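Here's the structure, in structure tokens; my notes come after.
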Amino acid sequence: MSETSPILTREAGFTPAAAVAGTRPFLSEDMKGRLSGSLESLGYTVAGLALLVAVWWVGGRMVEASDDLYAFADFAPAPTLLRLREMIATGEAFQITVPSLVRVASGLFWAIVIGVPVGILVGAITGFRKLTNVPFQFLRMISPLSWMPIAVMAFATWEGAIVFLIAVAAIWPVLFSTASGLRRIEPSWFKVARNLGARPWHMLFVIILPAISQDILAGIRLALGVAWIILVPAEYLGVTSGLGYAINDARDTLEYDRLAATVVIIGVIGFSLDTLLQLAIAKLSWLRSS
């Protein structure tokens, strides 16, 4: 009796396989919505890149047609992309990128090592927050490049001076984002932890750091953007490697296609690093909500 009747099946115009397929669609509504959203996002991304290249191409044509600016025609897309392909093939792109990434990583390391603990103190201790508010806000508004003469005198090497400038630029987003995240923690969490006998180290590693981890990552993302901007002018200091040095050298030798290709490399790497941090923040948000 449990078998499907052939007569009923033929009269209904369905086979058992068709009936099962009808009850189990290939894509659920949720999957369809995600796929549609991904395709829409991809479409906007491609359209945005196409618009950027079109504006770049028009600007290059205008420069080439100008009697005053025709010497800078190598900034156009075609010469730039050809030189970029050559730089990738010869390994030059890798050689000029690695030192800059090391300097940015070093500067961010010190910004995190100093910024996170100080940010926790600012967010946790009201008196310390009131005491440091004006000095920190004052120092934050000073351009990091203004510290360049001091950095040159204070550090024995150019590398140390560059890392210092990057750290000075990157510390404030990390510090203030950490403090802001800590102040949003529900006070009842601390009361429950104290009632359960939690010690200060337990409070820090079990409650505070997990609760503000997303805020710390958001601060690091902002700090990376600032550090990446400071990197190029900072590398004008005495070093003979890095993306900033490559731009300065290309300007001095009038290799404008190489200069523009280096700018493209800076943009691609900066965008990629920012995207990775954005994905990490989204992943952490999903884990915390699940």
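Ordering of the structure tokens sets the chain letters (A, B, ...), residue numbers begin anew at 1 in every chain, and ligands are numbered from 1 in the order given.
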With 9 Å as the cut-off and only C-alpha atoms counted, what is the closest atom pair between each nearby residue of range 55-101 of chain A and range 264-267 of chain A? Distances in Å to one decimal, ordered by chain and number, as a Markdown table.
```
| residue | atom | partner | partner_atom | distance |
| --- | --- | --- | --- | --- |
| A:Thr80 | CA | A:Val264 | CA | 8.6 |
| A:Leu81 | CA | A:Val264 | CA | 8.9 |
| A:Leu84 | CA | A:Ile265 | CA | 8.2 |
| A:Ala93 | CA | A:Ile265 | CA | 7.6 |
| A:Thr97 | CA | A:Ile265 | CA | 8.3 |
```
Residues within 10 Å of Leu243 in chain A, only C-alpha atoms, excluding chain neighbours under 6 positions, as a list in words: Ala93, Gln95, Ile96, Thr97, Val98, Pro99, Ser100, Leu101, Leu231, Val232, Pro233, Glu235, Tyr236, Asp249, Leu259, Thr262, Val263, Ile265 and Ile266 of chain A
Would you put the residues from that selection into a file with N, CA and C atoms, as a PDB file, in the first residue's frame?
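That gives us part.pdb:
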```
ATOM      1  N   ALA A  93      58.035  44.447  -8.848  1.00  0.00           N
ATOM      2  CA  ALA A  93      56.870  44.780  -8.017  1.00  0.00           C
ATOM      3  C   ALA A  93      56.983  44.116  -6.650  1.00  0.00           C
ATOM      4  N   GLN A  95      59.806  43.168  -5.170  1.00  0.00           N
ATOM      5  CA  GLN A  95      60.968  43.720  -4.464  1.00  0.00           C
ATOM      6  C   GLN A  95      60.655  45.055  -3.797  1.00  0.00           C
ATOM      7  N   ILE A  96      59.870  45.884  -4.442  1.00  0.00           N
ATOM      8  CA  ILE A  96      59.570  47.188  -3.854  1.00  0.00           C
ATOM      9  C   ILE A  96      58.425  47.112  -2.849  1.00  0.00           C
ATOM     10  N   THR A  97      57.654  46.033  -2.879  1.00  0.00           N
ATOM     11  CA  THR A  97      56.496  45.912  -1.994  1.00  0.00           C
ATOM     12  C   THR A  97      56.871  45.347  -0.633  1.00  0.00           C
ATOM     13  N   VAL A  98      57.733  44.340  -0.605  1.00  0.00           N
ATOM     14  CA  VAL A  98      58.042  43.637   0.645  1.00  0.00           C
ATOM     15  C   VAL A  98      58.574  44.577   1.729  1.00  0.00           C
ATOM     16  N   PRO A  99      59.561  45.451   1.445  1.00  0.00           N
ATOM     17  CA  PRO A  99      60.029  46.350   2.520  1.00  0.00           C
ATOM     18  C   PRO A  99      58.928  47.243   3.076  1.00  0.00           C
ATOM     19  N   SER A 100      58.044  47.710   2.218  1.00  0.00           N
ATOM     20  CA  SER A 100      56.951  48.564   2.694  1.00  0.00           C
ATOM     21  C   SER A 100      55.990  47.794   3.579  1.00  0.00           C
ATOM     22  N   LEU A 101      55.678  46.548   3.204  1.00  0.00           N
ATOM     23  CA  LEU A 101      54.786  45.741   4.026  1.00  0.00           C
ATOM     24  C   LEU A 101      55.403  45.451   5.387  1.00  0.00           C
ATOM     25  N   LEU A 231      52.807  55.924   4.727  1.00  0.00           N
ATOM     26  CA  LEU A 231      53.968  55.148   4.296  1.00  0.00           C
ATOM     27  C   LEU A 231      54.768  55.822   3.192  1.00  0.00           C
ATOM     28  N   VAL A 232      54.087  56.278   2.136  1.00  0.00           N
ATOM     29  CA  VAL A 232      54.797  56.795   0.962  1.00  0.00           C
ATOM     30  C   VAL A 232      55.641  58.018   1.299  1.00  0.00           C
ATOM     31  N   PRO A 233      55.085  59.074   1.904  1.00  0.00           N
ATOM     32  CA  PRO A 233      55.966  60.200   2.241  1.00  0.00           C
ATOM     33  C   PRO A 233      57.016  59.840   3.285  1.00  0.00           C
ATOM     34  N   GLU A 235      58.660  57.099   3.430  1.00  0.00           N
ATOM     35  CA  GLU A 235      59.748  56.400   2.742  1.00  0.00           C
ATOM     36  C   GLU A 235      60.575  57.322   1.847  1.00  0.00           C
ATOM     37  N   TYR A 236      60.237  58.599   1.823  1.00  0.00           N
ATOM     38  CA  TYR A 236      61.125  59.567   1.180  1.00  0.00           C
ATOM     39  C   TYR A 236      62.390  59.793   2.019  1.00  0.00           C
ATOM     40  N   ASP A 249      61.952  57.798  -6.896  1.00  0.00           N
ATOM     41  CA  ASP A 249      62.974  57.494  -7.901  1.00  0.00           C
ATOM     42  C   ASP A 249      62.410  57.614  -9.309  1.00  0.00           C
ATOM     43  N   LEU A 259      56.067  55.240 -12.423  1.00  0.00           N
ATOM     44  CA  LEU A 259      55.453  55.929 -11.291  1.00  0.00           C
ATOM     45  C   LEU A 259      53.979  55.561 -11.177  1.00  0.00           C
ATOM     46  N   THR A 262      53.461  52.000 -10.042  1.00  0.00           N
ATOM     47  CA  THR A 262      53.676  51.865  -8.603  1.00  0.00           C
ATOM     48  C   THR A 262      52.462  52.355  -7.817  1.00  0.00           C
ATOM     49  N   VAL A 263      51.843  53.420  -8.298  1.00  0.00           N
ATOM     50  CA  VAL A 263      50.614  53.910  -7.662  1.00  0.00           C
ATOM     51  C   VAL A 263      49.523  52.842  -7.730  1.00  0.00           C
ATOM     52  N   ILE A 265      50.000  49.614  -7.859  1.00  0.00           N
ATOM     53  CA  ILE A 265      50.383  48.571  -6.907  1.00  0.00           C
ATOM     54  C   ILE A 265      49.983  48.972  -5.494  1.00  0.00           C
ATOM     55  N   ILE A 266      50.233  50.223  -5.139  1.00  0.00           N
ATOM     56  CA  ILE A 266      49.863  50.714  -3.800  1.00  0.00           C
ATOM     57  C   ILE A 266      48.358  50.586  -3.591  1.00  0.00           C
TER      58      ILE A 266
END
```
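Every protein, DNA or RNA residue with an atom at most 12 Å from Pro149 in chain A, where only C-alpha atoms count and chain neighbours fewer than 3 positions away do not, is listed here: Pro144, Leu145, Ser146, Val152, Met153, Ala154, Phe155, Trp158, Ala161, Ile162, Phe164, Leu165, Ala234 and Leu237 of chain A.
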Each residue of range 205-234 of chain A lying at most 10 Å from range 119-127 of chain A should get a row with its shortest atom-to-atom pair and the distance in Å to one decimal, counting only C-alpha atoms; could you produce that, ordered by chain and increasing number, as a Markdown table?
```
| residue | atom | partner | partner_atom | distance |
| --- | --- | --- | --- | --- |
| A:Ile208 | CA | A:Ile120 | CA | 8.6 |
| A:Leu209 | CA | A:Ile120 | CA | 9.2 |
| A:Ile212 | CA | A:Ile120 | CA | 9.5 |
| A:Ile216 | CA | A:Gly119 | CA | 9.6 |
```
Output N, CA and C atoms for every residue in that selection, as a short mmCIF file (atom, residue, chain, number, x, y, z; two decimals), in the first residue's frame.
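Wrote selection_23.cif, looks like this:
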```cif
data_model
loop_
_atom_site.label_atom_id
_atom_site.label_comp_id
_atom_site.auth_asym_id
_atom_site.auth_seq_id
_atom_site.Cartn_x
_atom_site.Cartn_y
_atom_site.Cartn_z
N ILE A 208 36.46 40.99 28.65
CA ILE A 208 36.79 42.24 27.96
C ILE A 208 37.29 42.00 26.54
N LEU A 209 38.36 41.23 26.38
CA LEU A 209 38.94 41.05 25.04
C LEU A 209 37.98 40.39 24.06
N ILE A 212 35.36 43.10 23.02
CA ILE A 212 35.81 44.25 22.23
C ILE A 212 36.65 43.84 21.04
N ILE A 216 38.35 46.25 18.25
CA ILE A 216 39.80 46.32 18.03
C ILE A 216 40.12 46.12 16.56
#
```
Which neighbours of Leu175 in chain A fall inside 6 Å, counting only C-alpha atoms, when residues of the same chain fewer than 3 positions from it are skipped, and could you give them as an MDAnalysis selection string? chainID A and resid 115:116 119 172 178
May I have the selected residues written with C-alpha atoms, as a short mmCIF file (atom, residue, chain, number, x, y, z; two decimals), in the first residue's frame?
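Printed below is result24.cif as written:
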```cif
data_model
loop_
_atom_site.label_atom_id
_atom_site.label_comp_id
_atom_site.auth_asym_id
_atom_site.auth_seq_id
_atom_site.Cartn_x
_atom_site.Cartn_y
_atom_site.Cartn_z
CA GLY A 115 47.01 51.30 21.75
CA VAL A 116 44.98 48.32 23.01
CA GLY A 119 42.50 52.03 25.23
CA TRP A 172 44.94 56.65 17.67
CA THR A 178 39.25 49.95 21.91
#
```
From the list A:Gly242, A:Glu92, A:Gln137, A:Ala218, which residue is nearest Thr275 in chain A when using only C-alpha atoms? A:Ala218
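The two atoms in question, CA of Leu139 in chain A and CA of Leu224 in chain A, are spaced 18.6 Å apart.
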Within 10 Å of Ala76 in chain A, counting only C-alpha atoms, which residues show up once you throw out same-chain ones fewer than 2 positions away? Write them as an MDAnalysis selection string, please. chainID A and resid 53 56:64 72:74 78:81 256:257 260
Emit the selected residues as a PDB file, in the first residue's frame, including N, CA and C atoms.
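Printed below is selection-v1.pdb as written:
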```
ATOM      1  N   VAL A  53      38.387  53.223 -14.902  1.00  0.00           N
ATOM      2  CA  VAL A  53      39.309  53.103 -16.045  1.00  0.00           C
ATOM      3  C   VAL A  53      38.919  54.073 -17.155  1.00  0.00           C
ATOM      4  N   TRP A  56      40.079  57.468 -16.183  1.00  0.00           N
ATOM      5  CA  TRP A  56      41.535  57.456 -16.317  1.00  0.00           C
ATOM      6  C   TRP A  56      41.943  57.590 -17.784  1.00  0.00           C
ATOM      7  N   TRP A  57      41.261  56.853 -18.650  1.00  0.00           N
ATOM      8  CA  TRP A  57      41.587  56.891 -20.074  1.00  0.00           C
ATOM      9  C   TRP A  57      41.308  58.280 -20.657  1.00  0.00           C
ATOM     10  N   VAL A  58      40.155  58.865 -20.305  1.00  0.00           N
ATOM     11  CA  VAL A  58      39.820  60.199 -20.795  1.00  0.00           C
ATOM     12  C   VAL A  58      40.851  61.217 -20.305  1.00  0.00           C
ATOM     13  N   GLY A  59      41.226  61.113 -19.023  1.00  0.00           N
ATOM     14  CA  GLY A  59      42.242  62.017 -18.498  1.00  0.00           C
ATOM     15  C   GLY A  59      43.567  61.859 -19.215  1.00  0.00           C
ATOM     16  N   GLY A  60      43.936  60.615 -19.525  1.00  0.00           N
ATOM     17  CA  GLY A  60      45.178  60.378 -20.265  1.00  0.00           C
ATOM     18  C   GLY A  60      45.147  60.971 -21.655  1.00  0.00           C
ATOM     19  N   ARG A  61      44.021  60.855 -22.313  1.00  0.00           N
ATOM     20  CA  ARG A  61      43.887  61.447 -23.658  1.00  0.00           C
ATOM     21  C   ARG A  61      43.978  62.963 -23.596  1.00  0.00           C
ATOM     22  N   MET A  62      43.376  63.553 -22.577  1.00  0.00           N
ATOM     23  CA  MET A  62      43.437  65.013 -22.437  1.00  0.00           C
ATOM     24  C   MET A  62      44.866  65.480 -22.170  1.00  0.00           C
ATOM     25  N   VAL A  63      45.584  64.731 -21.327  1.00  0.00           N
ATOM     26  CA  VAL A  63      46.980  65.078 -21.051  1.00  0.00           C
ATOM     27  C   VAL A  63      47.816  64.949 -22.314  1.00  0.00           C
ATOM     28  N   GLU A  64      47.596  63.887 -23.061  1.00  0.00           N
ATOM     29  CA  GLU A  64      48.371  63.660 -24.280  1.00  0.00           C
ATOM     30  C   GLU A  64      48.111  64.746 -25.318  1.00  0.00           C
ATOM     31  N   PHE A  72      53.609  64.092 -19.813  1.00  0.00           N
ATOM     32  CA  PHE A  72      53.112  63.169 -18.795  1.00  0.00           C
ATOM     33  C   PHE A  72      52.137  62.151 -19.382  1.00  0.00           C
ATOM     34  N   ALA A  73      52.219  61.919 -20.682  1.00  0.00           N
ATOM     35  CA  ALA A  73      51.281  61.008 -21.353  1.00  0.00           C
ATOM     36  C   ALA A  73      51.421  59.570 -20.871  1.00  0.00           C
ATOM     37  N   ASP A  74      52.566  59.230 -20.296  1.00  0.00           N
ATOM     38  CA  ASP A  74      52.752  57.856 -19.812  1.00  0.00           C
ATOM     39  C   ASP A  74      51.913  57.544 -18.588  1.00  0.00           C
ATOM     40  N   ALA A  78      47.257  52.614 -20.884  1.00  0.00           N
ATOM     41  CA  ALA A  78      48.025  51.652 -21.689  1.00  0.00           C
ATOM     42  C   ALA A  78      49.500  51.598 -21.284  1.00  0.00           C
ATOM     43  N   PRO A  79      50.240  52.727 -21.245  1.00  0.00           N
ATOM     44  CA  PRO A  79      51.640  52.656 -20.807  1.00  0.00           C
ATOM     45  C   PRO A  79      51.796  52.160 -19.368  1.00  0.00           C
ATOM     46  N   THR A  80      50.876  52.570 -18.511  1.00  0.00           N
ATOM     47  CA  THR A  80      50.956  52.163 -17.105  1.00  0.00           C
ATOM     48  C   THR A  80      50.794  50.657 -16.954  1.00  0.00           C
ATOM     49  N   LEU A  81      49.787  50.090 -17.595  1.00  0.00           N
ATOM     50  CA  LEU A  81      49.527  48.664 -17.460  1.00  0.00           C
ATOM     51  C   LEU A  81      50.629  47.830 -18.117  1.00  0.00           C
ATOM     52  N   TYR A 256      57.431  58.092 -15.913  1.00  0.00           N
ATOM     53  CA  TYR A 256      56.082  58.310 -15.409  1.00  0.00           C
ATOM     54  C   TYR A 256      55.206  57.061 -15.520  1.00  0.00           C
ATOM     55  N   ASP A 257      55.502  56.176 -16.474  1.00  0.00           N
ATOM     56  CA  ASP A 257      54.754  54.932 -16.535  1.00  0.00           C
ATOM     57  C   ASP A 257      55.075  54.043 -15.332  1.00  0.00           C
ATOM     58  N   ALA A 260      53.273  55.632 -12.305  1.00  0.00           N
ATOM     59  CA  ALA A 260      51.844  55.313 -12.288  1.00  0.00           C
ATOM     60  C   ALA A 260      51.613  53.845 -11.957  1.00  0.00           C
TER      61      ALA A 260
END
```
Please report the interatomic distance between CA of Asn248 in chain A and CA of Leu273 in chain A in Å with one decimal. 23.4 Å
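CA of Glu255 in chain A is positioned 13.5 Å from CA of Glu86 in chain A.
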